[in-house]
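Data from final-v7.txt: compact mmCIF, N, CA and C atoms
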```txt
# COMPACT_ATOMS: atom_id res chain seq x y z
N MET F 1 149.01 113.82 99.25
CA MET F 1 147.56 113.72 99.21
C MET F 1 147.17 112.36 98.66
N THR F 2 146.25 111.70 99.30
CA THR F 2 145.82 110.37 98.86
C THR F 2 144.82 110.49 97.71
N GLN F 3 144.60 109.38 97.03
CA GLN F 3 143.61 109.36 95.95
C GLN F 3 142.23 109.74 96.49
N THR F 4 141.90 109.22 97.66
CA THR F 4 140.60 109.51 98.25
C THR F 4 140.45 111.00 98.54
N GLU F 5 141.51 111.60 99.07
CA GLU F 5 141.46 113.04 99.36
C GLU F 5 141.32 113.85 98.08
N MET F 6 142.04 113.43 97.04
CA MET F 6 141.96 114.16 95.77
C MET F 6 140.60 113.95 95.11
N LYS F 7 140.04 112.76 95.21
CA LYS F 7 138.70 112.53 94.68
C LYS F 7 137.70 113.46 95.37
N ASN F 8 137.82 113.58 96.69
CA ASN F 8 136.92 114.45 97.44
C ASN F 8 137.14 115.91 97.06
N ARG F 9 138.39 116.28 96.92
CA ARG F 9 138.71 117.67 96.59
C ARG F 9 138.16 118.05 95.22
N THR F 10 138.30 117.17 94.24
CA THR F 10 137.79 117.47 92.91
C THR F 10 136.26 117.46 92.88
N LYS F 11 135.64 116.63 93.73
CA LYS F 11 134.18 116.64 93.81
C LYS F 11 133.69 117.94 94.44
N GLN F 12 134.38 118.38 95.48
CA GLN F 12 134.01 119.66 96.10
C GLN F 12 134.20 120.82 95.13
N LEU F 13 135.25 120.75 94.32
CA LEU F 13 135.46 121.75 93.29
C LEU F 13 134.29 121.77 92.32
N ALA F 14 133.85 120.61 91.90
CA ALA F 14 132.71 120.51 90.98
C ALA F 14 131.45 121.11 91.61
N LEU F 15 131.23 120.84 92.87
CA LEU F 15 130.05 121.38 93.56
C LEU F 15 130.11 122.90 93.65
N ARG F 16 131.30 123.44 93.89
CA ARG F 16 131.46 124.90 93.92
C ARG F 16 131.17 125.50 92.55
N ILE F 17 131.61 124.82 91.51
CA ILE F 17 131.36 125.30 90.15
C ILE F 17 129.88 125.24 89.83
N ILE F 18 129.22 124.18 90.25
CA ILE F 18 127.77 124.06 90.04
C ILE F 18 127.06 125.23 90.71
N ARG F 19 127.43 125.53 91.95
CA ARG F 19 126.79 126.64 92.67
C ARG F 19 127.05 127.98 91.96
N LEU F 20 128.27 128.17 91.46
CA LEU F 20 128.58 129.39 90.74
C LEU F 20 127.71 129.51 89.50
N VAL F 21 127.66 128.47 88.71
CA VAL F 21 126.88 128.50 87.46
C VAL F 21 125.41 128.77 87.76
N GLU F 22 124.89 128.16 88.81
CA GLU F 22 123.49 128.38 89.18
C GLU F 22 123.21 129.81 89.62
N SER F 23 124.25 130.51 90.08
CA SER F 23 124.06 131.88 90.57
C SER F 23 124.29 132.95 89.50
N LEU F 24 124.70 132.53 88.30
CA LEU F 24 124.99 133.50 87.25
C LEU F 24 123.72 134.21 86.78
N PRO F 25 123.87 135.44 86.28
CA PRO F 25 122.70 136.15 85.77
C PRO F 25 122.13 135.45 84.53
N GLU F 26 120.89 135.72 84.26
CA GLU F 26 120.20 135.11 83.12
C GLU F 26 120.50 135.88 81.83
N THR F 27 121.75 135.85 81.41
CA THR F 27 122.12 136.51 80.15
C THR F 27 122.59 135.44 79.18
N ARG F 28 122.59 135.78 77.93
CA ARG F 28 123.06 134.84 76.90
C ARG F 28 124.52 134.45 77.15
N THR F 29 125.33 135.45 77.46
CA THR F 29 126.75 135.20 77.72
C THR F 29 126.94 134.27 78.91
N SER F 30 126.23 134.54 80.00
CA SER F 30 126.35 133.69 81.18
C SER F 30 125.93 132.26 80.90
N LYS F 31 124.88 132.11 80.11
CA LYS F 31 124.42 130.76 79.80
C LYS F 31 125.47 129.98 79.00
N VAL F 32 126.07 130.64 78.02
CA VAL F 32 127.07 129.96 77.19
C VAL F 32 128.34 129.67 77.99
N LEU F 33 128.88 130.70 78.63
CA LEU F 33 130.12 130.51 79.40
C LEU F 33 129.88 129.60 80.60
N GLY F 34 128.74 129.76 81.24
CA GLY F 34 128.40 128.92 82.39
C GLY F 34 128.26 127.45 81.98
N GLY F 35 127.67 127.21 80.83
CA GLY F 35 127.54 125.83 80.34
C GLY F 35 128.90 125.20 80.08
N GLN F 36 129.78 125.99 79.48
CA GLN F 36 131.13 125.50 79.21
C GLN F 36 131.86 125.21 80.53
N LEU F 37 131.75 126.13 81.49
CA LEU F 37 132.39 125.94 82.79
C LEU F 37 131.81 124.72 83.50
N LEU F 38 130.51 124.55 83.42
CA LEU F 38 129.87 123.41 84.07
C LEU F 38 130.42 122.09 83.52
N ARG F 39 130.58 122.02 82.20
CA ARG F 39 131.10 120.80 81.59
C ARG F 39 132.56 120.55 81.98
N SER F 40 133.40 121.56 81.83
CA SER F 40 134.82 121.35 82.12
C SER F 40 135.07 121.19 83.62
N GLY F 41 134.39 121.98 84.43
CA GLY F 41 134.62 121.93 85.87
C GLY F 41 134.18 120.64 86.54
N THR F 42 133.08 120.08 86.07
CA THR F 42 132.64 118.81 86.64
C THR F 42 133.42 117.64 86.04
N SER F 43 134.00 117.86 84.88
CA SER F 43 134.81 116.84 84.21
C SER F 43 136.12 116.56 84.95
N VAL F 44 136.63 117.56 85.66
CA VAL F 44 137.90 117.39 86.38
C VAL F 44 137.81 116.19 87.33
N GLY F 45 136.80 116.17 88.16
CA GLY F 45 136.65 115.08 89.12
C GLY F 45 136.33 113.75 88.47
N ALA F 46 135.49 113.78 87.46
CA ALA F 46 135.12 112.53 86.78
C ALA F 46 136.34 111.91 86.11
N ASN F 47 137.15 112.74 85.47
CA ASN F 47 138.34 112.21 84.81
C ASN F 47 139.43 111.82 85.80
N TYR F 48 139.50 112.49 86.94
CA TYR F 48 140.45 112.08 87.96
C TYR F 48 140.08 110.68 88.47
N ARG F 49 138.80 110.45 88.68
CA ARG F 49 138.35 109.11 89.12
C ARG F 49 138.73 108.05 88.08
N ALA F 50 138.58 108.41 86.80
CA ALA F 50 138.96 107.47 85.73
C ALA F 50 140.46 107.20 85.79
N ALA F 51 141.25 108.23 86.06
CA ALA F 51 142.71 108.05 86.15
C ALA F 51 143.06 107.10 87.29
N CYS F 52 142.31 107.16 88.36
CA CYS F 52 142.57 106.27 89.51
C CYS F 52 142.33 104.80 89.15
N ARG F 53 141.57 104.56 88.10
CA ARG F 53 141.30 103.19 87.65
C ARG F 53 142.13 102.81 86.43
N ALA F 54 143.16 103.58 86.16
CA ALA F 54 144.00 103.34 84.98
C ALA F 54 144.62 101.95 85.04
N LYS F 55 144.82 101.40 83.87
CA LYS F 55 145.35 100.03 83.77
C LYS F 55 146.87 99.98 83.67
N SER F 56 147.49 101.13 83.45
CA SER F 56 148.95 101.19 83.35
C SER F 56 149.40 102.61 83.70
N THR F 57 150.69 102.77 83.84
CA THR F 57 151.21 104.12 84.09
C THR F 57 150.94 105.03 82.91
N ALA F 58 151.11 104.51 81.70
CA ALA F 58 150.84 105.31 80.51
C ALA F 58 149.37 105.74 80.45
N ASP F 59 148.47 104.83 80.80
CA ASP F 59 147.05 105.13 80.83
C ASP F 59 146.76 106.18 81.91
N PHE F 60 147.40 106.05 83.06
CA PHE F 60 147.25 107.00 84.16
C PHE F 60 147.68 108.40 83.71
N ILE F 61 148.83 108.48 83.06
CA ILE F 61 149.34 109.77 82.59
C ILE F 61 148.40 110.37 81.55
N ALA F 62 147.91 109.56 80.64
CA ALA F 62 147.00 110.05 79.61
C ALA F 62 145.70 110.58 80.21
N LYS F 63 145.18 109.87 81.19
CA LYS F 63 143.94 110.32 81.83
C LYS F 63 144.17 111.57 82.68
N LEU F 64 145.33 111.65 83.34
CA LEU F 64 145.65 112.86 84.10
C LEU F 64 145.83 114.06 83.17
N ALA F 65 146.31 113.82 81.96
CA ALA F 65 146.45 114.91 80.99
C ALA F 65 145.08 115.50 80.65
N ILE F 66 144.07 114.67 80.62
CA ILE F 66 142.70 115.15 80.38
C ILE F 66 142.25 116.00 81.57
N VAL F 67 142.56 115.55 82.78
CA VAL F 67 142.23 116.32 83.98
C VAL F 67 142.91 117.69 83.90
N GLU F 68 144.18 117.70 83.50
CA GLU F 68 144.91 118.96 83.36
C GLU F 68 144.22 119.89 82.36
N GLU F 69 143.86 119.36 81.21
CA GLU F 69 143.20 120.16 80.18
C GLU F 69 141.87 120.74 80.67
N GLU F 70 141.08 119.91 81.32
CA GLU F 70 139.77 120.36 81.79
C GLU F 70 139.91 121.38 82.92
N GLY F 71 140.91 121.20 83.78
CA GLY F 71 141.15 122.16 84.85
C GLY F 71 141.58 123.51 84.30
N ASP F 72 142.49 123.49 83.33
CA ASP F 72 142.94 124.73 82.71
C ASP F 72 141.79 125.41 81.97
N GLU F 73 140.98 124.62 81.31
CA GLU F 73 139.83 125.17 80.59
C GLU F 73 138.85 125.82 81.57
N SER F 74 138.66 125.21 82.72
CA SER F 74 137.76 125.77 83.73
C SER F 74 138.24 127.15 84.17
N ILE F 75 139.54 127.27 84.37
CA ILE F 75 140.12 128.57 84.74
C ILE F 75 139.82 129.59 83.65
N TYR F 76 139.97 129.18 82.42
CA TYR F 76 139.69 130.07 81.28
C TYR F 76 138.25 130.58 81.31
N TRP F 77 137.28 129.68 81.53
CA TRP F 77 135.88 130.09 81.52
C TRP F 77 135.58 131.01 82.69
N ILE F 78 136.17 130.75 83.84
CA ILE F 78 135.96 131.64 84.99
C ILE F 78 136.53 133.02 84.68
N GLU F 79 137.72 133.05 84.10
CA GLU F 79 138.33 134.34 83.73
C GLU F 79 137.43 135.10 82.75
N LEU F 80 136.87 134.39 81.79
CA LEU F 80 135.96 135.05 80.83
C LEU F 80 134.70 135.58 81.53
N LEU F 81 134.19 134.82 82.47
CA LEU F 81 133.02 135.29 83.22
C LEU F 81 133.34 136.59 83.96
N VAL F 82 134.51 136.67 84.53
CA VAL F 82 134.92 137.88 85.26
C VAL F 82 135.15 139.03 84.28
N GLU F 83 135.93 138.77 83.24
CA GLU F 83 136.30 139.84 82.31
C GLU F 83 135.12 140.34 81.48
N SER F 84 134.09 139.51 81.33
CA SER F 84 132.88 139.96 80.63
C SER F 84 131.86 140.55 81.61
N LYS F 85 132.28 140.67 82.86
CA LYS F 85 131.48 141.29 83.92
C LYS F 85 130.19 140.52 84.24
N GLN F 86 130.23 139.21 84.06
CA GLN F 86 129.09 138.38 84.43
C GLN F 86 129.12 138.04 85.92
N VAL F 87 130.34 138.10 86.48
CA VAL F 87 130.52 137.81 87.91
C VAL F 87 131.68 138.66 88.41
N LYS F 88 131.61 139.07 89.66
CA LYS F 88 132.67 139.90 90.24
C LYS F 88 133.85 139.04 90.64
N SER F 89 135.04 139.55 90.38
CA SER F 89 136.26 138.78 90.63
C SER F 89 136.39 138.36 92.09
N GLU F 90 135.93 139.20 93.02
CA GLU F 90 136.01 138.85 94.44
C GLU F 90 135.22 137.59 94.76
N LEU F 91 134.15 137.37 94.03
CA LEU F 91 133.29 136.21 94.29
C LEU F 91 133.91 134.89 93.84
N VAL F 92 134.83 134.95 92.89
CA VAL F 92 135.41 133.71 92.37
C VAL F 92 136.91 133.58 92.68
N LYS F 93 137.44 134.51 93.45
CA LYS F 93 138.87 134.47 93.77
C LYS F 93 139.26 133.14 94.42
N GLY F 94 138.51 132.70 95.41
CA GLY F 94 138.80 131.43 96.10
C GLY F 94 138.64 130.24 95.17
N LEU F 95 137.64 130.29 94.31
CA LEU F 95 137.41 129.20 93.35
C LEU F 95 138.56 129.12 92.35
N LEU F 96 139.00 130.26 91.86
CA LEU F 96 140.15 130.28 90.94
C LEU F 96 141.40 129.74 91.62
N ASP F 97 141.59 130.11 92.87
CA ASP F 97 142.74 129.63 93.62
C ASP F 97 142.68 128.10 93.75
N GLU F 98 141.51 127.57 94.06
CA GLU F 98 141.36 126.12 94.19
C GLU F 98 141.60 125.43 92.84
N CYS F 99 141.09 125.99 91.77
CA CYS F 99 141.34 125.43 90.44
C CYS F 99 142.83 125.38 90.15
N ASN F 100 143.53 126.46 90.46
CA ASN F 100 144.97 126.51 90.23
C ASN F 100 145.72 125.51 91.09
N GLN F 101 145.30 125.34 92.34
CA GLN F 101 145.94 124.36 93.21
C GLN F 101 145.74 122.94 92.70
N VAL F 102 144.52 122.61 92.33
CA VAL F 102 144.24 121.28 91.79
C VAL F 102 145.05 121.06 90.51
N LEU F 103 145.10 122.06 89.66
CA LEU F 103 145.87 121.96 88.42
C LEU F 103 147.35 121.72 88.73
N SER F 104 147.89 122.42 89.71
CA SER F 104 149.30 122.24 90.09
C SER F 104 149.57 120.83 90.60
N ILE F 105 148.66 120.30 91.38
CA ILE F 105 148.80 118.93 91.91
C ILE F 105 148.81 117.93 90.75
N VAL F 106 147.91 118.12 89.81
CA VAL F 106 147.81 117.20 88.67
C VAL F 106 149.06 117.28 87.80
N VAL F 107 149.55 118.48 87.53
CA VAL F 107 150.77 118.63 86.73
C VAL F 107 151.95 117.95 87.43
N ALA F 108 152.05 118.14 88.74
CA ALA F 108 153.13 117.50 89.49
C ALA F 108 153.01 115.98 89.44
N ALA F 109 151.78 115.47 89.53
CA ALA F 109 151.57 114.02 89.46
C ALA F 109 151.96 113.48 88.08
N ILE F 110 151.66 114.22 87.04
CA ILE F 110 152.04 113.80 85.68
C ILE F 110 153.56 113.75 85.57
N LYS F 111 154.23 114.79 86.03
CA LYS F 111 155.69 114.82 85.95
C LYS F 111 156.31 113.68 86.75
N THR F 112 155.82 113.45 87.95
CA THR F 112 156.34 112.37 88.78
C THR F 112 156.11 111.02 88.12
N SER F 113 154.94 110.82 87.56
CA SER F 113 154.62 109.54 86.90
C SER F 113 155.50 109.31 85.68
N LYS F 114 155.78 110.37 84.94
CA LYS F 114 156.66 110.23 83.77
C LYS F 114 158.07 109.85 84.20
N ILE F 115 158.55 110.44 85.27
CA ILE F 115 159.90 110.10 85.76
C ILE F 115 159.94 108.66 86.26
N LYS F 116 158.91 108.23 86.97
CA LYS F 116 158.87 106.86 87.47
C LYS F 116 158.79 105.85 86.32
N ARG F 117 158.08 106.25 85.26
CA ARG F 117 157.93 105.35 84.11
C ARG F 117 159.22 105.25 83.32
N ASN F 118 159.94 106.36 83.23
CA ASN F 118 161.17 106.37 82.45
C ASN F 118 162.22 107.19 83.21
N PRO F 119 162.87 106.60 84.20
CA PRO F 119 163.81 107.34 85.04
C PRO F 119 164.94 107.98 84.26
N LYS F 120 165.33 107.45 83.13
CA LYS F 120 166.43 108.02 82.35
C LYS F 120 166.06 109.36 81.72
N SER F 121 164.75 109.65 81.64
CA SER F 121 164.32 110.91 81.04
C SER F 121 164.39 112.07 82.03
N ALA F 122 164.61 111.75 83.29
CA ALA F 122 164.69 112.80 84.30
C ALA F 122 165.95 113.63 84.10
N ILE F 123 165.90 114.85 84.52
CA ILE F 123 167.07 115.72 84.43
C ILE F 123 168.13 115.16 85.35
N PRO F 124 169.32 114.91 84.84
CA PRO F 124 170.36 114.28 85.66
C PRO F 124 170.87 115.24 86.73
N ASN F 125 171.28 114.66 87.82
CA ASN F 125 171.91 115.41 88.90
C ASN F 125 173.31 115.79 88.44
N PRO F 126 173.66 117.07 88.43
CA PRO F 126 174.98 117.47 87.94
C PRO F 126 176.13 116.78 88.69
N LYS F 127 175.92 116.41 89.92
CA LYS F 127 176.98 115.76 90.70
C LYS F 127 177.24 114.34 90.22
N SER F 128 176.26 113.75 89.54
CA SER F 128 176.42 112.36 89.10
C SER F 128 177.00 112.27 87.69
N ILE F 129 177.23 113.38 87.05
CA ILE F 129 177.73 113.37 85.67
C ILE F 129 179.25 113.31 85.68
```
Turn the structure described in the file into structure tokens.
Amino acid sequence: MTQTEMKNRTKQLALRIIRLVESLPETRTSKVLGGQLLRSGTSVGANYRAACRAKSTADFIAKLAIVEEEGDESIYWIELLVESKQVKSELVKGLLDECNQVLSIVVAAIKTSKIKRNPKSAIPNPKSI
């Protein structure tokens, strides 16, 4: 996946989160959890864009770590919305799946970047030992 594709994907994720938050019931719980989800969910794309402008591999990894944290946090808030019965699980199943996919891509990118930065830290191939 290219940077441009990932930027678009994270922006679309943010837009889906915005639509979800706007559709939540007018309860105190929804407002609090929805606000938290809105912040973390829209932060994923913003921080990914920042990672794309990183000045070094270490900076890239650090910024991607923020994307990972915000993505995982978004999943948490969606789960709380479901478990507190603010939204039906069927309505957010696809959104949760997309959050998990984006999170998996980011984690893989972090691991790959760490190996490229320090190849000796990679798990050695048993055949080469």
* To do: Excluding stretch 64-81 of chain F and residues on its chain fewer than 4 positions from it, collect all residues at most 6 Å away from it, counting all atoms listed in the file, and give them as number ranges by chain.
  => F: 37, 40-41, 44, 47-48, 51, 59-60, 85-87, 103
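Taking atom CA of F:Glu98 and atom C of F:Gly35 as the two end points, the separation is 18.8 Å.
Note that atom N of F:Asn8 and atom N of F:Lys55 are 19.0 Å apart.
Among the candidates F:Asn100, F:Gln36, F:Thr112, F:Ser89, the residue lying nearest to F:Thr10 is F:Asn100 (atoms considered: only C-alpha atoms).
With atom N of F:Glu90 on one side and atom CA of F:Leu20 on the other, the separation reads 12.5 Å.
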* To do: Please provide as a VMD selection string all residues within 9 Å of F:Lys111, with the sequence filter that same-chain residues fewer than 5 positions apart are discarded (counting only C-alpha atoms).
  => chain F and resid 61 106 116
* To do: May I ask which of the residues F:Ala50, F:Met6, F:Leu95, F:Met1 is the closest one to F:Arg19, counting only C-alpha atoms?
  => F:Leu95
Output file: stretch 19-86 of chain F, C-alpha atoms, as a compact mmCIF listing (two decimals), in the first residue's frame:
```txt
# COMPACT_ATOMS: atom_id res chain seq x y z
CA ARG F 19 -20.55 9.95 10.95
CA LEU F 20 -20.80 7.41 13.78
CA VAL F 21 -20.30 10.04 16.47
CA GLU F 22 -22.88 12.31 14.84
CA SER F 23 -25.41 9.46 14.88
CA LEU F 24 -25.01 8.60 18.56
CA PRO F 25 -27.93 9.15 20.93
CA GLU F 26 -28.00 12.33 22.99
CA THR F 27 -26.92 10.74 26.27
CA ARG F 28 -24.18 11.79 28.64
CA THR F 29 -22.32 8.54 28.02
CA SER F 30 -22.51 8.91 24.25
CA LYS F 31 -21.24 12.45 24.42
CA VAL F 32 -18.23 11.51 26.53
CA LEU F 33 -17.32 8.31 24.70
CA GLY F 34 -18.15 9.85 21.32
CA GLY F 35 -15.90 12.83 22.05
CA GLN F 36 -13.04 10.53 22.97
CA LEU F 37 -13.60 8.44 19.82
CA LEU F 38 -13.77 11.57 17.69
CA ARG F 39 -10.40 12.76 18.99
CA SER F 40 -8.58 9.44 18.70
CA GLY F 41 -10.22 8.34 15.46
CA THR F 42 -9.48 11.53 13.57
CA SER F 43 -5.98 11.61 15.06
CA VAL F 44 -5.04 8.38 13.27
CA GLY F 45 -4.99 10.04 9.86
CA ALA F 46 -3.46 13.29 11.06
CA ASN F 47 -0.60 11.47 12.76
CA TYR F 48 -0.08 9.17 9.79
CA ARG F 49 0.35 12.25 7.60
CA ALA F 50 2.90 13.57 10.11
CA ALA F 51 4.75 10.24 9.94
CA CYS F 52 4.96 10.59 6.16
CA ARG F 53 6.88 13.84 6.72
CA ALA F 54 9.27 12.31 9.24
CA LYS F 55 12.85 13.52 9.11
CA SER F 56 14.44 10.16 9.93
CA THR F 57 13.58 6.51 10.36
CA ALA F 58 13.54 6.96 14.13
CA ASP F 59 11.16 9.91 13.76
CA PHE F 60 8.98 7.85 11.39
CA ILE F 61 8.80 4.98 13.89
CA ALA F 62 7.98 7.34 16.76
CA LYS F 63 5.18 9.00 14.80
CA LEU F 64 3.80 5.63 13.67
CA ALA F 65 3.76 4.56 17.32
CA ILE F 66 1.37 7.45 17.97
CA VAL F 67 -0.81 6.25 15.08
CA GLU F 68 -0.80 2.78 16.65
CA GLU F 69 -1.83 4.16 20.06
CA GLU F 70 -4.62 6.29 18.64
CA GLY F 71 -5.92 3.42 16.49
CA ASP F 72 -5.98 1.04 19.44
CA GLU F 73 -7.66 3.69 21.57
CA SER F 74 -10.33 4.18 18.89
CA ILE F 75 -11.11 0.47 19.01
CA TYR F 76 -11.44 0.74 22.78
CA TRP F 77 -13.96 3.61 22.58
CA ILE F 78 -16.03 1.79 19.95
CA GLU F 79 -16.07 -1.32 22.14
CA LEU F 80 -17.25 0.78 25.09
CA LEU F 81 -19.99 2.33 22.97
CA VAL F 82 -21.21 -1.16 22.06
CA GLU F 83 -20.87 -2.66 25.53
CA SER F 84 -22.65 0.31 27.13
CA LYS F 85 -25.45 -0.19 24.59
CA GLN F 86 -25.05 3.24 23.01
```
